[in-house]
Amino acid sequence: MSTSKYKRVVLKLSGEALAGGKGSGIDPAVIQSIANQVKDIVELGVEVAVVVGGGNLWRGKAGSEMGMDRASADYMGMLATVMNSLALQDSLENIGVQTRVQTSIEMRQVAEPYIRRKAIRHLEKKRVVIFAAGTGNPYFSTDTTAALRAAEIEAEVILMAKNNVDGVYSADPTIDQTAVKYNTLSYLDLLKEGLAVMDTTASSLCMDNDIPLIVFSIMEEGNIKRVVIGEEIGTTIRGNN
Ligand code: UDP
């Protein structure tokens with residue numbers, strides 16, 4: 001039987017990953033497939049916290065480019081992550097996985113507020129904790145949320161599931177045929193080369209707190225488990241390589 005390399009992980013799901021081929025909105029079949037993959041690793045005994053993005057529904061930057069106040073547009077983005085989180089919670093509970101959604105913006109009728117100690121307690125009880133509403137602050141991203149929450153709950157790794165790429169490349173592989181995939185990278189290289197894996201706030205937070213990140217494709221069923229049992233798919237980014 002396979003065993004997990006990690007005790008506690010943060011899984012970062014971008015909003016786009018929930019949209020599947022549709023590009024925007026929520027694809028119930030895709031969300032269910034992700035939920036099944038999460039269940040697989042919960043069954044291995046891994047404590048799983050999920051940070052969900054919102055880019056499939058709304059991005060603050062796009063709103064501000066259309067003339068909206070940036071902070072208001074960002075709050076809309078954070079609310080979008082709550083919708084995605086509830087959809088994921090529903091899919092997980094449909095297949096018998098216990099979950100709690102915690103939001104960084106209080107909305108007690110909908111979910112628990114984010115309380116670090118409570119989140120850790122849920123994880124210890126093998127409930128999947130879904131962190132919604134980003135950091136609760138405009139001008140940040142859900143990648144930064146993943147880095148922040150991973151540090152707070154002392155997760156060993158961030159698993160960054162992508163729907164359009166299977167790792168980090170030297171250039172955009174859809175445009176540049178000579179682009180090569182990296183197996184490992186350092187955060188410093190990531191920052192120096194300006195590789196578009198996550199924003200610089202998120203990368204620096206991971207670097208400063210020594211949190212490794214694995215970027216991989218979620219489109220292949222079973223990949224979350226592969227990463228968790230230590231198969232080297234995707235790209236691993238660490239403090240020093
Ligand atoms: N957002 C924010 N603060 C946060 C996290 C998210 O303002 O701490 C807003 C921001 O407008 C962002 C949107 O929420 O565009 C959706 O999050 P993100 O773009 O990170 O989602 P993803 O790209 O992962 O789908």
# chains A, B, ... in the order shown; residues from 1 in each chain; ligands from 1
$ select_by_dssp --residues "stretch 121-186 of chain A" --states "strand (DSSP E)" --output "PyMOL selection string"
chain A and resi 128-132+157-162+168-169+181-182+184-186
$ closest_atom_pairs --of "chain A" --to "ligand 1" --cutoff "10 Å" --atoms "only C-alpha atoms and all ligand atoms" --output "Markdown table"
| residue | atom | partner | partner_atom_place_in_ligand_line | distance |
| --- | --- | --- | --- | --- |
| A:Lys12 | CA | ligand 1 | 24 (O) | 7.6 |
| A:Leu13 | CA | ligand 1 | 24 (O) | 6.3 |
| A:Ser14 | CA | ligand 1 | 24 (O) | 3.5 |
| A:Gly15 | CA | ligand 1 | 25 (O) | 3.4 |
| A:Glu16 | CA | ligand 1 | 25 (O) | 5.5 |
| A:Ala17 | CA | ligand 1 | 25 (O) | 7.7 |
| A:Leu18 | CA | ligand 1 | 25 (O) | 8.7 |
| A:Ala19 | CA | ligand 1 | 25 (O) | 9.7 |
| A:Ser24 | CA | ligand 1 | 25 (O) | 9.9 |
| A:Val51 | CA | ligand 1 | 24 (O) | 8.4 |
| A:Val52 | CA | ligand 1 | 24 (O) | 6.4 |
| A:Gly53 | CA | ligand 1 | 24 (O) | 3.4 |
| A:Gly54 | CA | ligand 1 | 16 (C) | 3.9 |
| A:Gly55 | CA | ligand 1 | 25 (O) | 3.4 |
| A:Asn56 | CA | ligand 1 | 25 (O) | 5.9 |
| A:Leu57 | CA | ligand 1 | 16 (C) | 8.0 |
| A:Trp58 | CA | ligand 1 | 13 (C) | 6.2 |
| A:Arg59 | CA | ligand 1 | 15 (O) | 3.5 |
| A:Gly60 | CA | ligand 1 | 11 (O) | 3.1 |
| A:Lys61 | CA | ligand 1 | 15 (O) | 5.9 |
| A:Ala62 | CA | ligand 1 | 15 (O) | 7.7 |
| A:Gly63 | CA | ligand 1 | 11 (O) | 8.2 |
| A:Ser64 | CA | ligand 1 | 11 (O) | 9.1 |
| A:Arg70 | CA | ligand 1 | 11 (O) | 8.0 |
| A:Ala71 | CA | ligand 1 | 7 (O) | 7.1 |
| A:Ser72 | CA | ligand 1 | 11 (O) | 8.6 |
| A:Ala73 | CA | ligand 1 | 11 (O) | 6.0 |
| A:Asp74 | CA | ligand 1 | 11 (O) | 3.4 |
| A:Tyr75 | CA | ligand 1 | 7 (O) | 5.6 |
| A:Met76 | CA | ligand 1 | 11 (O) | 6.7 |
| A:Gly77 | CA | ligand 1 | 14 (O) | 3.3 |
| A:Met78 | CA | ligand 1 | 14 (O) | 4.1 |
| A:Leu79 | CA | ligand 1 | 14 (O) | 7.4 |
| A:Ala80 | CA | ligand 1 | 16 (C) | 6.8 |
| A:Thr81 | CA | ligand 1 | 16 (C) | 6.4 |
| A:Val82 | CA | ligand 1 | 14 (O) | 9.8 |
| A:Asn84 | CA | ligand 1 | 25 (O) | 9.5 |
| A:Ser104 | CA | ligand 1 | 8 (O) | 8.5 |
| A:Ala132 | CA | ligand 1 | 5 (C) | 8.7 |
| A:Ala133 | CA | ligand 1 | 5 (C) | 6.3 |
| A:Gly134 | CA | ligand 1 | 5 (C) | 3.6 |
| A:Thr135 | CA | ligand 1 | 8 (O) | 3.6 |
| A:Gly136 | CA | ligand 1 | 8 (O) | 5.2 |
| A:Asn137 | CA | ligand 1 | 3 (N) | 4.7 |
| A:Pro138 | CA | ligand 1 | 7 (O) | 3.6 |
| A:Tyr139 | CA | ligand 1 | 7 (O) | 4.9 |
| A:Phe140 | CA | ligand 1 | 3 (N) | 3.9 |
| A:Ser141 | CA | ligand 1 | 5 (C) | 3.7 |
| A:Thr142 | CA | ligand 1 | 20 (O) | 3.6 |
| A:Asp143 | CA | ligand 1 | 20 (O) | 5.7 |
| A:Thr144 | CA | ligand 1 | 8 (O) | 6.7 |
| A:Thr145 | CA | ligand 1 | 8 (O) | 5.7 |
| A:Ala146 | CA | ligand 1 | 8 (O) | 9.3 |
| A:Leu148 | CA | ligand 1 | 8 (O) | 9.7 |
| A:Met160 | CA | ligand 1 | 24 (O) | 9.7 |
| A:Ala161 | CA | ligand 1 | 24 (O) | 9.9 |
| A:Lys162 | CA | ligand 1 | 24 (O) | 9.6 |
| A:Met198 | CA | ligand 1 | 23 (O) | 9.0 |
| A:Asp199 | CA | ligand 1 | 20 (O) | 9.2 |
$ atom_distance --atom1 "atom CA of A:Lys39" --atom2 "atom CA of A:Gln98"
9.7 Å
$ residues_around --residues "A:Val128" --least-positions-apart "2" --cutoff "7 Å" --atoms "only C-alpha atoms" --output "list in words"
Val48, Ala49, Gln98, Thr99, Arg100, Leu123, Lys126 and Ile130 of chain A
$ write_last_selection --atoms "N, CA and C atoms" --output "PDB file, in the first residue's frame"
ATOM      1  N   VAL A  48      -5.447  17.626   5.052  1.00  0.00           N
ATOM      2  CA  VAL A  48      -5.518  18.449   3.844  1.00  0.00           C
ATOM      3  C   VAL A  48      -6.237  19.772   4.090  1.00  0.00           C
ATOM      4  N   ALA A  49      -5.538  20.861   3.817  1.00  0.00           N
ATOM      5  CA  ALA A  49      -6.171  22.174   3.788  1.00  0.00           C
ATOM      6  C   ALA A  49      -6.171  22.623   2.333  1.00  0.00           C
ATOM      7  N   GLN A  98     -15.488  14.627   5.273  1.00  0.00           N
ATOM      8  CA  GLN A  98     -15.886  15.692   6.206  1.00  0.00           C
ATOM      9  C   GLN A  98     -15.091  16.956   5.921  1.00  0.00           C
ATOM     10  N   THR A  99     -15.789  18.076   5.917  1.00  0.00           N
ATOM     11  CA  THR A  99     -15.112  19.333   5.567  1.00  0.00           C
ATOM     12  C   THR A  99     -15.563  20.466   6.480  1.00  0.00           C
ATOM     13  N   ARG A 100     -14.755  21.494   6.509  1.00  0.00           N
ATOM     14  CA  ARG A 100     -15.169  22.777   7.074  1.00  0.00           C
ATOM     15  C   ARG A 100     -14.650  23.863   6.147  1.00  0.00           C
ATOM     16  N   LEU A 123      -8.116  19.741  11.186  1.00  0.00           N
ATOM     17  CA  LEU A 123      -7.161  18.928  10.417  1.00  0.00           C
ATOM     18  C   LEU A 123      -6.772  17.686  11.216  1.00  0.00           C
ATOM     19  N   LYS A 126      -8.974  14.994  10.862  1.00  0.00           N
ATOM     20  CA  LYS A 126      -9.011  14.521   9.463  1.00  0.00           C
ATOM     21  C   LYS A 126     -10.152  15.131   8.651  1.00  0.00           C
ATOM     22  N   ILE A 130     -11.283  24.036   4.084  1.00  0.00           N
ATOM     23  CA  ILE A 130     -11.199  24.851   2.867  1.00  0.00           C
ATOM     24  C   ILE A 130     -11.108  26.309   3.292  1.00  0.00           C
TER      25      ILE A 130
END
$ closest_residue --among "A:Val129, A:Ile26, A:Ala202, A:Val46" --to "A:Ala87" --atoms "only C-alpha atoms"
A:Ile26
$ select_by_dssp --residues "stretch 49-209 of chain A" --states "alpha helix (DSSP H)" --output "NGL selection string"
:A and (60-65 or 70-94 or 116-124 or 142-152 or 187-193 or 200-208)
$ closest_residue --among "A:Asn223, A:Ser203, A:Gln102, A:Ser91" --to "A:Ile120" --atoms "only C-alpha atoms"
A:Gln102
$ residues_around --residues "A:Glu156" --least-positions-apart "2" --cutoff "10 Å" --atoms "only C-alpha atoms" --output "number ranges by chain"
A: 5-10, 150-151, 153-154, 158-159, 210-213
$ closest_residue --among "A:Gly194, A:Glu65, A:Phe131, A:Met219" --to "A:Gly21" --atoms "only C-alpha atoms"
A:Met219
$ closest_residue --among "A:Gln32, A:Ser170, A:Gln89, A:Gln109" --to "A:Leu195" --atoms "only C-alpha atoms"
A:Ser170
$ residues_around --residues "A:Gly222" --least-positions-apart "3" --cutoff "7 Å" --atoms "only C-alpha atoms" --output "PyMOL selection string"
chain A and resi 37+225-226
$ atom_distance --atom1 "atom CA of A:Val215" --atom2 "atom CA of A:Val197"
8.2 Å
$ atom_distance --atom1 "atom CA of A:Tyr182" --atom2 "atom CA of A:Val168"
5.8 Å
